[in-house]
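Structure file coords.csv (CSV, C-alpha atoms and all ligand atoms) follows.
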```
chain,number,residue,atom,x,y,z
A,236,MET,CA,15.5,-13.1,22.6
A,237,ARG,CA,14.6,-9.4,22.3
A,238,ALA,CA,11.0,-8.6,21.3
A,239,VAL,CA,8.8,-5.5,21.2
A,240,ARG,CA,5.5,-6.3,23.0
A,241,PHE,CA,2.4,-4.6,24.3
A,242,HIS,CA,0.6,-5.6,27.5
A,243,GLU,CA,-2.4,-3.4,26.8
A,244,HIS,CA,-4.0,-1.8,23.8
A,245,GLY,CA,-3.1,1.8,23.1
A,246,ASP,CA,-0.8,4.2,21.1
A,247,GLU,CA,2.9,3.4,20.5
A,248,SER,CA,3.8,4.3,24.1
A,249,VAL,CA,2.5,0.8,25.1
A,250,LEU,CA,5.3,-0.8,23.2
A,251,ALA,CA,8.2,-2.1,25.2
A,252,LEU,CA,11.5,-3.8,24.2
A,253,GLU,CA,11.8,-6.8,26.4
A,254,THR,CA,13.8,-10.0,26.8
A,255,VAL,CA,11.5,-13.0,26.4
A,256,ASP,CA,11.9,-16.8,25.9
A,257,ARG,CA,12.6,-17.8,22.3
A,258,PRO,CA,9.5,-19.6,21.0
A,259,ASP,CA,9.4,-23.3,20.2
A,260,PRO,CA,7.9,-24.1,16.8
A,261,GLY,CA,4.7,-26.1,17.2
A,262,PRO,CA,3.2,-28.6,14.7
A,263,GLY,CA,3.0,-26.9,11.3
A,264,GLU,CA,5.3,-24.1,12.3
A,265,ALA,CA,8.9,-23.0,11.6
A,266,LEU,CA,11.1,-21.0,13.9
A,267,VAL,CA,12.5,-18.2,11.8
A,268,ARG,CA,15.5,-16.1,12.8
A,269,ILE,CA,14.3,-12.7,11.8
A,270,GLU,CA,17.0,-10.6,10.0
A,271,ALA,CA,14.6,-7.7,9.0
A,272,ALA,CA,11.0,-6.7,9.6
A,273,SER,CA,9.0,-3.7,8.4
A,274,VAL,CA,6.2,-1.6,9.9
A,275,ASN,CA,2.7,-1.4,8.4
A,276,PRO,CA,-0.5,0.5,9.3
A,277,ILE,CA,-2.1,-2.8,10.3
A,278,ASP,CA,0.4,-3.2,13.1
A,279,GLU,CA,-1.1,0.0,14.6
A,280,TYR,CA,-4.7,-1.2,14.2
A,281,VAL,CA,-3.8,-4.5,16.0
A,282,ARG,CA,-2.0,-2.7,18.8
A,283,GLU,CA,-4.8,-0.2,19.3
A,284,GLY,CA,-7.3,-3.1,19.4
A,285,SER,CA,-9.4,-1.7,16.5
A,286,VAL,CA,-8.9,-4.5,14.0
A,287,SER,CA,-8.4,-8.2,14.8
A,288,PRO,CA,-7.1,-7.7,18.3
A,289,PRO,CA,-4.9,-10.6,19.3
A,290,SER,CA,-6.6,-13.2,21.6
A,291,GLY,CA,-3.9,-12.9,24.3
A,292,LEU,CA,-1.7,-10.2,25.8
A,293,PRO,CA,1.1,-9.5,26.0
A,294,HIS,CA,1.5,-9.6,22.2
A,295,VAL,CA,4.5,-9.1,19.9
A,296,GLY,CA,3.6,-6.6,17.2
A,297,GLY,CA,4.6,-6.6,13.5
A,298,SER,CA,3.4,-8.3,10.3
A,299,ASP,CA,6.3,-8.7,8.0
A,300,LEU,CA,9.6,-10.7,8.3
A,301,ALA,CA,12.6,-11.8,6.3
A,302,GLY,CA,15.0,-14.3,7.7
A,303,VAL,CA,16.3,-17.8,8.0
A,304,VAL,CA,14.6,-21.0,9.2
A,305,GLU,CA,16.3,-22.1,12.4
A,306,ALA,CA,14.1,-25.1,13.3
A,307,VAL,CA,10.9,-26.8,12.3
A,308,GLY,CA,8.0,-28.2,14.2
A,309,GLU,CA,6.4,-31.6,14.0
A,310,GLY,CA,5.2,-32.6,10.5
A,311,VAL,CA,6.9,-29.8,8.7
A,312,THR,CA,8.5,-30.8,5.4
A,313,ALA,CA,7.9,-27.7,3.2
A,314,VAL,CA,10.9,-25.8,4.7
A,315,ALA,CA,14.1,-26.8,6.4
A,316,PRO,CA,16.7,-25.2,8.7
A,317,GLY,CA,18.9,-22.8,6.6
A,318,ASP,CA,16.1,-21.8,4.2
A,319,ARG,CA,15.8,-18.1,3.5
A,320,VAL,CA,12.1,-17.0,3.8
A,321,PHE,CA,9.9,-14.0,3.9
A,322,ALA,CA,6.3,-13.6,5.0
A,323,THR,CA,3.5,-11.2,5.8
A,324,GLY,CA,0.2,-11.3,7.6
A,325,LEU,CA,1.8,-12.5,10.8
A,326,GLY,CA,1.1,-10.8,14.2
A,327,ILE,CA,-2.6,-11.0,13.9
A,328,SER,CA,-3.6,-14.4,15.1
A,329,SER,CA,0.0,-15.4,15.8
A,330,PRO,CA,2.9,-13.5,17.5
A,331,GLY,CA,4.4,-10.9,15.3
A,332,THR,CA,7.8,-9.9,13.9
A,333,TYR,CA,9.2,-7.1,16.0
A,334,ALA,CA,11.5,-9.7,17.4
A,335,GLU,CA,14.7,-11.7,16.9
A,336,TYR,CA,12.7,-14.9,16.3
A,337,ALA,CA,9.1,-15.9,15.4
A,338,ALA,CA,7.4,-19.2,15.2
A,339,ALA,CA,5.3,-18.9,12.0
A,340,PRO,CA,2.8,-21.1,10.3
A,341,VAL,CA,4.8,-22.7,7.4
A,342,GLU,CA,2.0,-22.1,4.9
A,343,GLN,CA,2.7,-18.4,5.2
A,344,LEU,CA,6.4,-18.6,4.4
A,345,ALA,CA,7.7,-18.1,0.9
A,346,PRO,CA,11.3,-18.7,-0.3
A,347,LEU,CA,13.4,-15.5,-0.5
A,348,PRO,CA,15.9,-15.8,-3.3
A,349,ALA,CA,19.6,-15.7,-2.3
A,350,SER,CA,20.2,-12.5,-4.3
A,351,VAL,CA,17.4,-10.5,-2.5
A,352,PRO,CA,18.7,-8.8,0.7
A,353,PHE,CA,16.7,-9.5,3.9
A,354,ARG,CA,15.8,-5.9,4.2
A,355,GLU,CA,14.3,-5.8,0.7
A,356,GLY,CA,12.3,-9.0,1.4
A,357,ALA,CA,10.9,-7.5,4.6
A,358,ALA,CA,10.1,-4.3,2.8
A,359,ALA,CA,8.4,-6.2,0.0
A,360,ALA,CA,6.2,-8.7,1.9
A,361,MET,CA,3.0,-6.8,2.9
A,362,ALA,CA,3.4,-4.2,0.1
A,363,PHE,CA,3.7,-6.5,-2.8
A,364,ALA,CA,1.4,-9.3,-1.5
A,365,THR,CA,-1.3,-6.6,-1.1
A,366,ALA,CA,-0.7,-4.9,-4.4
A,367,TRP,CA,-0.6,-8.2,-6.3
A,368,ARG,CA,-3.7,-9.6,-4.6
A,369,ALA,CA,-5.6,-6.4,-5.1
A,370,LEU,CA,-4.7,-5.8,-8.7
A,371,VAL,CA,-4.2,-9.3,-10.1
A,372,THR,CA,-6.4,-11.6,-8.0
A,373,ARG,CA,-9.2,-9.2,-7.1
A,374,GLY,CA,-8.8,-6.5,-9.8
A,375,ASP,CA,-8.4,-8.8,-12.8
A,376,ILE,CA,-5.9,-6.4,-14.3
A,377,ARG,CA,-5.3,-7.0,-18.0
A,378,LEU,CA,-2.7,-6.1,-20.6
A,379,GLY,CA,-3.4,-2.6,-21.9
A,380,ASP,CA,-5.6,-1.6,-19.0
A,381,LEU,CA,-5.4,1.9,-17.6
A,382,ALA,CA,-4.7,1.6,-13.9
A,383,LEU,CA,-5.2,4.4,-11.4
A,384,VAL,CA,-2.9,3.8,-8.3
A,385,HIS,CA,-3.6,6.1,-5.4
A,386,GLY,CA,-0.9,6.8,-2.8
A,387,ALA,CA,1.7,5.8,-5.4
A,388,SER,CA,4.8,6.8,-3.4
A,389,GLY,CA,3.7,5.0,-0.2
A,390,GLY,CA,4.3,1.4,1.0
A,391,VAL,CA,1.6,-0.5,-0.9
A,392,GLY,CA,1.2,2.2,-3.6
A,393,HIS,CA,4.8,2.0,-4.7
A,394,ALA,CA,4.4,-1.8,-5.1
A,395,ALA,CA,1.1,-1.4,-6.9
A,396,VAL,CA,2.7,0.9,-9.5
A,397,GLN,CA,5.2,-1.8,-10.3
A,398,VAL,CA,2.6,-4.7,-10.3
A,399,ALA,CA,0.3,-2.7,-12.6
A,400,ALA,CA,3.2,-1.8,-15.0
A,401,ALA,CA,4.5,-5.4,-15.1
A,402,ALA,CA,1.0,-6.6,-16.0
A,403,GLY,CA,1.2,-4.3,-19.1
A,404,ALA,CA,-1.1,-1.6,-17.9
A,405,THR,CA,-0.7,2.1,-18.4
A,406,VAL,CA,-0.3,3.6,-14.9
A,407,VAL,CA,-1.6,6.9,-13.6
A,408,GLY,CA,-0.5,7.4,-10.0
A,409,THR,CA,-1.5,9.9,-7.4
A,410,ALA,CA,1.2,11.4,-5.2
A,411,ARG,CA,2.2,14.9,-4.0
A,412,ASP,CA,4.0,17.0,-6.6
A,413,GLY,CA,7.8,17.0,-6.3
A,414,GLU,CA,9.8,14.2,-4.8
A,415,PRO,CA,6.9,11.7,-4.3
A,416,ALA,CA,5.7,12.2,-7.9
A,417,ALA,CA,9.2,11.8,-9.3
A,418,PHE,CA,9.6,8.6,-7.2
A,419,ALA,CA,6.4,7.1,-8.6
A,420,ARG,CA,7.5,7.9,-12.1
A,421,GLU,CA,10.8,6.2,-11.6
A,422,LEU,CA,9.0,3.1,-10.4
A,423,GLY,CA,7.0,2.9,-13.6
A,424,ALA,CA,4.0,5.4,-13.4
A,425,ASP,CA,3.4,6.8,-16.9
A,426,ALA,CA,1.8,9.9,-15.3
A,427,VAL,CA,1.3,11.2,-11.8
A,428,VAL,CA,-1.3,13.7,-10.5
A,429,ASP,CA,-1.4,15.4,-7.1
A,430,TYR,CA,-3.9,13.7,-4.8
A,431,ARG,CA,-4.6,17.1,-3.2
A,432,SER,CA,-6.2,18.5,-6.4
A,433,ASP,CA,-9.8,19.7,-6.2
A,434,GLU,CA,-10.2,18.4,-9.8
A,435,LEU,CA,-8.8,14.9,-9.3
A,436,ALA,CA,-10.9,13.1,-11.9
A,437,GLU,CA,-10.3,15.8,-14.5
A,438,ASP,CA,-6.6,15.7,-13.8
A,439,VAL,CA,-6.5,11.9,-14.2
A,440,ARG,CA,-8.4,12.2,-17.5
A,441,THR,CA,-6.0,14.8,-18.8
A,442,ALA,CA,-3.0,12.8,-17.7
A,443,ALA,CA,-4.4,9.7,-19.5
A,444,ASP,CA,-5.1,11.7,-22.7
A,445,GLY,CA,-8.8,11.3,-22.2
A,446,ARG,CA,-8.9,7.6,-21.6
A,447,GLU,CA,-11.1,6.2,-18.9
A,448,VAL,CA,-9.8,4.1,-16.0
A,449,ASP,CA,-10.2,0.3,-16.1
A,450,VAL,CA,-9.0,-0.6,-12.6
A,451,VAL,CA,-8.4,1.5,-9.5
A,452,PHE,CA,-6.0,0.5,-6.6
A,453,GLU,CA,-7.6,2.3,-3.7
A,454,PRO,CA,-6.0,2.6,-0.2
A,455,GLN,CA,-8.1,5.6,0.9
A,456,ALA,CA,-11.6,5.1,-0.5
A,457,ASP,CA,-13.2,7.7,1.7
A,458,ALA,CA,-11.2,10.4,-0.1
A,459,HIS,CA,-11.6,9.3,-3.7
A,460,LEU,CA,-14.7,7.3,-4.4
A,461,ALA,CA,-16.6,10.0,-6.3
A,462,ALA,CA,-13.5,11.0,-8.3
A,463,ASN,CA,-12.8,7.3,-9.1
A,464,LEU,CA,-16.3,6.9,-10.5
A,465,ALA,CA,-16.0,10.1,-12.5
A,466,CYS,CA,-13.1,8.8,-14.5
A,467,LEU,CA,-14.0,5.1,-14.5
A,468,THR,CA,-14.8,3.2,-17.7
A,469,ARG,CA,-18.0,1.2,-18.1
A,470,GLY,CA,-17.6,-2.0,-16.1
A,471,GLY,CA,-14.4,-0.7,-14.5
A,472,ARG,CA,-13.2,-2.2,-11.2
A,473,ILE,CA,-12.3,-0.3,-8.0
A,474,VAL,CA,-10.4,-2.4,-5.5
A,475,VAL,CA,-10.6,-0.9,-2.0
A,476,ILE,CA,-7.9,-1.9,0.4
A,477,GLY,CA,-8.2,0.9,2.9
A,478,GLU,CA,-10.0,4.0,4.1
A,479,ASN,CA,-9.5,6.6,6.8
A,480,GLY,CA,-13.2,7.2,7.5
A,481,PRO,CA,-16.7,6.4,6.3
A,482,ILE,CA,-17.0,5.7,2.5
A,483,ALA,CA,-19.9,7.9,1.7
A,484,VAL,CA,-22.2,6.9,-1.2
A,485,ASP,CA,-24.6,9.8,-1.8
A,486,GLY,CA,-27.2,10.0,-4.5
A,487,GLY,CA,-24.7,11.5,-7.1
A,488,THR,CA,-22.0,8.9,-6.3
A,489,SER,CA,-24.5,6.0,-6.5
A,490,MET,CA,-25.9,7.3,-9.8
A,491,ALA,CA,-22.4,7.5,-11.3
A,492,ALA,CA,-21.6,4.0,-10.1
A,493,LYS,CA,-24.8,2.6,-11.6
A,494,ARG,CA,-24.3,4.4,-14.9
A,495,ALA,CA,-20.7,3.0,-15.1
A,496,ASP,CA,-21.8,-0.5,-14.2
A,497,ALA,CA,-19.0,0.0,-11.7
A,498,ASP,CA,-17.6,-2.9,-9.8
A,499,LEU,CA,-16.6,-2.0,-6.2
A,500,ARG,CA,-14.4,-4.8,-4.7
A,501,PHE,CA,-12.7,-5.1,-1.4
A,502,MET,CA,-9.4,-6.9,-0.4
A,503,SER,CA,-7.8,-7.8,2.9
A,504,ILE,CA,-4.4,-9.4,3.3
A,505,ALA,CA,-5.7,-10.9,6.5
A,506,ALA,CA,-8.2,-12.9,4.5
A,507,SER,CA,-5.7,-14.2,2.1
A,508,ALA,CA,-3.5,-16.6,4.1
A,509,GLY,CA,-4.3,-19.4,1.5
A,510,ASP,CA,-2.7,-17.7,-1.5
A,511,GLN,CA,-0.3,-15.3,0.2
A,512,ALA,CA,2.8,-17.6,0.1
A,513,ALA,CA,2.2,-18.4,-3.6
A,514,ILE,CA,1.9,-14.7,-4.4
A,515,LEU,CA,5.1,-14.0,-2.4
A,516,GLU,CA,7.0,-16.7,-4.2
A,517,ARG,CA,6.2,-15.0,-7.5
A,518,VAL,CA,7.1,-11.6,-6.0
A,519,GLY,CA,10.5,-13.0,-4.8
A,520,GLU,CA,11.3,-14.2,-8.3
A,521,ARG,CA,10.5,-10.7,-9.7
A,522,LEU,CA,12.6,-9.1,-6.9
A,523,ALA,CA,15.5,-11.4,-7.9
A,524,ASP,CA,15.2,-10.6,-11.7
A,525,GLY,CA,14.9,-6.9,-11.1
A,526,THR,CA,11.2,-6.5,-12.4
A,527,PHE,CA,10.2,-5.3,-8.9
A,528,THR,CA,12.1,-3.2,-6.4
A,529,ALA,CA,11.1,-2.8,-2.8
A,530,ALA,CA,12.2,0.8,-1.9
A,531,ILE,CA,13.5,1.4,1.6
A,532,ASP,CA,13.0,4.9,2.9
A,533,CYS,CA,14.7,4.4,6.2
A,534,VAL,CA,15.8,1.7,8.7
A,535,PHE,CA,15.3,1.6,12.5
A,536,GLY,CA,16.4,-0.9,15.2
A,537,LEU,CA,14.1,-2.9,17.6
A,538,ASP,CA,15.1,-0.2,20.1
A,539,ALA,CA,13.3,2.4,18.0
A,540,VAL,CA,10.0,0.9,16.9
A,541,PRO,CA,7.9,3.9,18.0
A,542,GLU,CA,10.1,6.1,16.0
A,543,ALA,CA,9.7,3.8,13.0
A,544,LEU,CA,5.9,4.0,13.3
A,545,ALA,CA,6.0,7.8,13.6
A,546,GLU,CA,8.0,7.8,10.3
A,547,LEU,CA,5.4,5.6,8.7
A,548,ARG,CA,2.6,8.0,9.7
A,549,SER,CA,4.5,11.1,8.6
A,550,SER,CA,3.9,12.5,5.1
A,551,GLY,CA,6.7,12.1,2.5
A,552,THR,CA,7.9,8.6,3.2
A,553,LEU,CA,9.0,7.0,-0.1
A,554,GLY,CA,8.3,3.3,0.0
A,555,LYS,CA,8.9,1.4,3.2
A,556,VAL,CA,10.1,1.8,6.8
A,557,VAL,CA,12.2,-1.2,7.7
A,558,LEU,CA,13.4,-2.7,11.0
A,559,ASP,CA,16.9,-4.2,11.4
A,560,THR,CA,16.4,-6.8,14.2
A,561,SER,CA,20.1,-6.9,15.1
A,562,ARG,CA,19.9,-3.3,16.5
B,1,LIG,N1,-6.4,-4.4,2.8
B,1,LIG,C1,-5.2,-4.7,3.0
B,1,LIG,O1,-4.9,-5.9,3.1
B,1,LIG,C2,-4.1,-3.7,3.3
B,1,LIG,C3,-2.8,-4.1,3.3
B,1,LIG,C4,-1.8,-3.1,3.4
B,1,LIG,C5,-2.2,-1.7,3.6
B,1,LIG,N2,-3.5,-1.4,3.6
B,1,LIG,C6,-4.0,0.0,3.9
B,1,LIG,O2,-3.5,0.8,2.8
B,1,LIG,C7,-3.2,2.1,3.4
B,1,LIG,C8,-1.8,2.5,3.0
B,1,LIG,O3,-0.9,1.7,3.6
B,1,LIG,P1,0.7,1.9,3.4
B,1,LIG,O4,1.4,0.9,4.0
B,1,LIG,O5,1.0,2.2,1.9
B,1,LIG,O6,0.9,3.3,4.1
B,1,LIG,P2,2.0,4.4,3.9
B,1,LIG,O7,3.3,3.8,3.5
B,1,LIG,O8,1.9,5.4,5.0
B,1,LIG,O9,1.5,5.2,2.5
B,1,LIG,C9,0.4,6.0,2.5
B,1,LIG,C10,0.5,6.8,1.2
B,1,LIG,O10,-0.7,7.5,1.0
B,1,LIG,C11,-0.5,8.8,0.5
B,1,LIG,N3,-1.6,9.6,0.8
B,1,LIG,C12,-2.0,10.4,1.9
B,1,LIG,N4,-3.2,11.0,1.7
B,1,LIG,C13,-3.6,10.6,0.5
B,1,LIG,C14,-4.7,10.9,-0.3
B,1,LIG,N5,-5.7,11.7,0.1
B,1,LIG,N6,-4.8,10.4,-1.5
B,1,LIG,C15,-3.8,9.6,-2.0
B,1,LIG,N7,-2.7,9.3,-1.4
B,1,LIG,C16,-2.6,9.8,-0.1
B,1,LIG,C17,0.8,9.2,1.3
B,1,LIG,O11,1.5,10.3,0.7
B,1,LIG,P3,2.4,11.3,1.5
B,1,LIG,O12,3.3,10.5,2.3
B,1,LIG,O13,3.1,12.1,0.4
B,1,LIG,O14,1.4,12.1,2.3
B,1,LIG,C18,1.6,7.9,1.3
B,1,LIG,O15,2.4,7.8,0.2
B,1,LIG,C19,-3.5,2.0,4.9
B,1,LIG,O16,-4.8,2.5,5.1
B,1,LIG,C20,-3.4,0.5,5.2
B,1,LIG,O17,-4.2,0.2,6.3
B,1,LIG,C21,-4.5,-2.4,3.5
```

As a first step, turn the structure in this file into structure tokens.
Ligand SMILES: NC(=O)c1ccc[n+]([C@@H]2O[C@H](COP(=O)([O-])OP(=O)(O)OC[C@H]3O[C@@H](n4cnc5c(N)ncnc54)[C@H](OP(=O)(O)O)[C@@H]3O)[C@@H](O)[C@H]2O)c1
Amino acid sequence: MRAVRFHEHGDESVLALETVDRPDPGPGEALVRIEAASVNPIDEYVREGSVSPPSGLPHVGGSDLAGVVEAVGEGVTAVAPGDRVFATGLGISSPGTYAEYAAAPVEQLAPLPASVPFREGAAAAMAFATAWRALVTRGDIRLGDLALVHGASGGVGHAAVQVAAAAGATVVGTARDGEPAAFARELGADAVVDYRSDELAEDVRTAADGREVDVVFEPQADAHLAANLACLTRGGRIVVIGENGPIAVDGGTSMAAKRADADLRFMSIAASAGDQAAILERVGERLADGTFTAAIDCVFGLDAVPEALAELRSSGTLGKVVLDTSR
């Protein structure tokens, strides 16, 4: 089969499209014929060796897949050949999804409804599993909450807008003015403010007609912690899923946090293998009934994974970058 592997850690130049043996599913695993995958920032951290480096090299990169079960390993009854499935969180302790096939632990596979295209399933997996777990499981989002969703036009952010709206929250997103802001509104954000503002907290307050924020979906905590605290309600929750640098808590920030009885929580999809498939099953149902949409910005083949990752890193991507494994 074709697979994109790396033999050493480094930037995307270490990725190589190779012909390798098709894996055999071991006990508790299913062999999935991958129809579509998607690219995620964690793929880069794993490849660079900065987060959860795989135990053995060479390693197939990639976290998300959508496809069809081809065969099952010993003791597997939860899925059968022919089942449509999707999954995320692969490619960390097991081989990844930039490939035509993957042997995946069955507890990480969720059913993908027949009406949901494989590309949409692959686009949805990491994004919606993260958004759901951050807002629902960790963020305790409630009907009527005011939710602040940062990065509302990106991969996880565009899913978080929809999860928050479906939970009955009023949603203020942050995205650049213009196309990204319009995209976030189309997905269900009630208001959008530009994340580049020097007055972010004030802009959020104005956009929310003076209401304070109950729950924050935070993919870049280093950039926004002080602003989040400045518009947070008493007892509000900030769920951190990412940062691009140190999260500084100076005296002023700490004082604001204490005054607000703020609840700073963290969430990692890598730590959620136990409930991931159950979450994805619910996500699949909502993709099928039209409650959720996984937006696909562009599609690349296995022969262009570095280009797909460059697109992911570039500014202005709306939703997800997907891989068609037949190309
Ligand atoms: N904890 C977990 O389990 C988990 C899971 C998935 C992702 N993450 C993390 O979440 C982050 C986002 O992932 P992703 O897949 O959504 O990436 P992505 O698709 O590249 O989206 C990033 C988004 O952030 C926006 N952005 C850039 N600078 C910003 C700022 N200062 N304030 C607010 N938004 C800003 C970008 O807007 P423009 O394109 O307009 O610049 C883009 O829409 C990454 O750090 C990733 O590692 C964590």

Per residue of range 269-289 of chain A within 6 Å of range 297-311 of chain A, which atom pair is closest and at what distance in Å (one decimal), using only C-alpha atoms, listed by chain and increasing number, as a Markdown table?
```
| residue | atom | partner | partner_atom | distance |
| --- | --- | --- | --- | --- |
| A:Ile269 | CA | A:Gly302 | CA | 4.5 |
| A:Glu270 | CA | A:Gly302 | CA | 4.8 |
| A:Ala271 | CA | A:Ala301 | CA | 5.3 |
| A:Ala272 | CA | A:Leu300 | CA | 4.4 |
| A:Ser273 | CA | A:Asp299 | CA | 5.7 |
| A:Asp278 | CA | A:Gly297 | CA | 5.4 |
```

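The shortest atom-to-atom distance to ligand LIG 1 (chain B), with all atoms listed in the file taken into account, belongs to A:Phe363 out of A:Tyr336, A:Phe363, A:Phe353, A:Phe527.
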
Within 12 Å of Val540 in chain A, counting only C-alpha atoms, which residues qualify if same-chain residues fewer than 6 places away don't, as an MDAnalysis selection string? chainID A and resid 238:241 247:252 272:275 278:279 295:297 332:334 534 546:547 556:560 562

Selection as a PyMOL selection string: residues within 12 Å of (16.9, -1.6, -3.3), counting all atoms listed in the file: chain A and resi 350-359+422+522-523+525-533+554-555+557

Collect all residues with atoms no farther than 7 Å from ligand LIG 1 (chain B), counting all atoms listed in the file, and output them as a compact mmCIF listing (two decimals) with C-alpha atoms, in the coordinates of the input.
```txt
# COMPACT_ATOMS: atom_id res chain seq x y z
CA ASN A 275 2.70 -1.40 8.40
CA PRO A 276 -0.50 0.50 9.30
CA ILE A 277 -2.10 -2.80 10.30
CA MET A 361 3.00 -6.80 2.90
CA ALA A 362 3.40 -4.20 0.10
CA THR A 365 -1.30 -6.60 -1.10
CA HIS A 385 -3.60 6.10 -5.40
CA GLY A 386 -0.90 6.80 -2.80
CA ALA A 387 1.70 5.80 -5.40
CA SER A 388 4.80 6.80 -3.40
CA GLY A 389 3.70 5.00 -0.20
CA GLY A 390 4.30 1.40 1.00
CA VAL A 391 1.60 -0.50 -0.90
CA GLY A 392 1.20 2.20 -3.60
CA THR A 409 -1.50 9.90 -7.40
CA ALA A 410 1.20 11.40 -5.20
CA ARG A 411 2.20 14.90 -4.00
CA PRO A 415 6.90 11.70 -4.30
CA TYR A 430 -3.90 13.70 -4.80
CA ARG A 431 -4.60 17.10 -3.20
CA PRO A 454 -6.00 2.60 -0.20
CA GLN A 455 -8.10 5.60 0.90
CA ALA A 458 -11.20 10.40 -0.10
CA ILE A 476 -7.90 -1.90 0.40
CA GLY A 477 -8.20 0.90 2.90
CA GLU A 478 -10.00 4.00 4.10
CA ASN A 479 -9.50 6.60 6.80
CA MET A 502 -9.40 -6.90 -0.40
CA SER A 503 -7.80 -7.80 2.90
CA ILE A 504 -4.40 -9.40 3.30
CA ALA A 505 -5.70 -10.90 6.50
CA LEU A 547 5.40 5.60 8.70
CA ARG A 548 2.60 8.00 9.70
CA SER A 549 4.50 11.10 8.60
CA SER A 550 3.90 12.50 5.10
CA GLY A 551 6.70 12.10 2.50
CA THR A 552 7.90 8.60 3.20
CA LEU A 553 9.00 7.00 -0.10
CA GLY A 554 8.30 3.30 0.00
CA LYS A 555 8.90 1.40 3.20
```

Give me, as a list in words, all polymer residues having an atom no more than 8 Å from Ile514 in chain A, counting all atoms listed in the file and skipping those fewer than 6 positions away in the same chain. Ala364, Trp367 and Arg368 of chain A

Between CA of Gly423 in chain A and CA of Leu515 in chain A, what is the spacing in Å?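 It comes out at 20.4 Å.
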
Looking at only C-alpha atoms, which of A:Val475, A:Leu467, A:Ala461, A:Ala349 is the one that sits closest to Gly487 in chain A?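 Using only C-alpha atoms, the shortest distance to Gly487 in chain A belongs to A:Ala461.
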
Repaired coordinates for range 401-416 of chain A (N, CA and C atoms) as a JSON list (two decimals), in the coordinates of the input:
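Contents of part_17.json, freshly written:
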```json
[["chain", "number", "residue", "atom", "x", "y", "z"],
["A", 401, "ALA", "N", 4.03, -4.04, -14.61],
["A", 401, "ALA", "CA", 4.50, -5.40, -15.10],
["A", 401, "ALA", "C", 3.38, -6.16, -15.72],
["A", 402, "ALA", "N", 2.14, -5.86, -15.36],
["A", 402, "ALA", "CA", 1.00, -6.60, -16.00],
["A", 402, "ALA", "C", 0.71, -5.98, -17.37],
["A", 403, "GLY", "N", 1.42, -4.92, -17.74],
["A", 403, "GLY", "CA", 1.20, -4.30, -19.10],
["A", 403, "GLY", "C", 0.19, -3.23, -19.09],
["A", 404, "ALA", "N", -0.14, -2.70, -17.91],
["A", 404, "ALA", "CA", -1.10, -1.60, -17.90],
["A", 404, "ALA", "C", -0.39, -0.26, -18.04],
["A", 405, "THR", "N", -1.13, 0.74, -18.49],
["A", 405, "THR", "CA", -0.70, 2.10, -18.40],
["A", 405, "THR", "C", -1.05, 2.59, -17.02],
["A", 406, "VAL", "N", -0.11, 3.26, -16.32],
["A", 406, "VAL", "CA", -0.30, 3.60, -14.90],
["A", 406, "VAL", "C", -0.38, 5.07, -14.69],
["A", 407, "VAL", "N", -1.50, 5.53, -14.11],
["A", 407, "VAL", "CA", -1.60, 6.90, -13.60],
["A", 407, "VAL", "C", -1.53, 6.78, -12.07],
["A", 408, "GLY", "N", -0.56, 7.41, -11.43],
["A", 408, "GLY", "CA", -0.50, 7.40, -10.00],
["A", 408, "GLY", "C", -0.97, 8.68, -9.38],
["A", 409, "THR", "N", -1.33, 8.64, -8.09],
["A", 409, "THR", "CA", -1.50, 9.90, -7.40],
["A", 409, "THR", "C", -0.51, 9.99, -6.27],
["A", 410, "ALA", "N", 0.15, 11.15, -6.21],
["A", 410, "ALA", "CA", 1.20, 11.40, -5.20],
["A", 410, "ALA", "C", 1.35, 12.93, -5.15],
["A", 411, "ARG", "N", 1.92, 13.42, -4.06],
["A", 411, "ARG", "CA", 2.20, 14.90, -4.00],
["A", 411, "ARG", "C", 3.21, 15.24, -5.04],
["A", 412, "ASP", "N", 3.05, 16.46, -5.60],
["A", 412, "ASP", "CA", 4.00, 17.00, -6.60],
["A", 412, "ASP", "C", 5.41, 16.99, -5.94],
["A", 413, "GLY", "N", 6.43, 16.97, -6.76],
["A", 413, "GLY", "CA", 7.80, 17.00, -6.30],
["A", 413, "GLY", "C", 8.39, 15.65, -6.13],
["A", 414, "GLU", "N", 9.11, 15.45, -5.01],
["A", 414, "GLU", "CA", 9.80, 14.20, -4.80],
["A", 414, "GLU", "C", 8.92, 12.94, -4.89],
["A", 415, "PRO", "N", 7.75, 12.94, -4.20],
["A", 415, "PRO", "CA", 6.90, 11.70, -4.30],
["A", 415, "PRO", "C", 6.46, 11.42, -5.70],
["A", 416, "ALA", "N", 6.09, 12.46, -6.47],
["A", 416, "ALA", "CA", 5.70, 12.20, -7.90],
["A", 416, "ALA", "C", 6.82, 11.69, -8.70]]
```
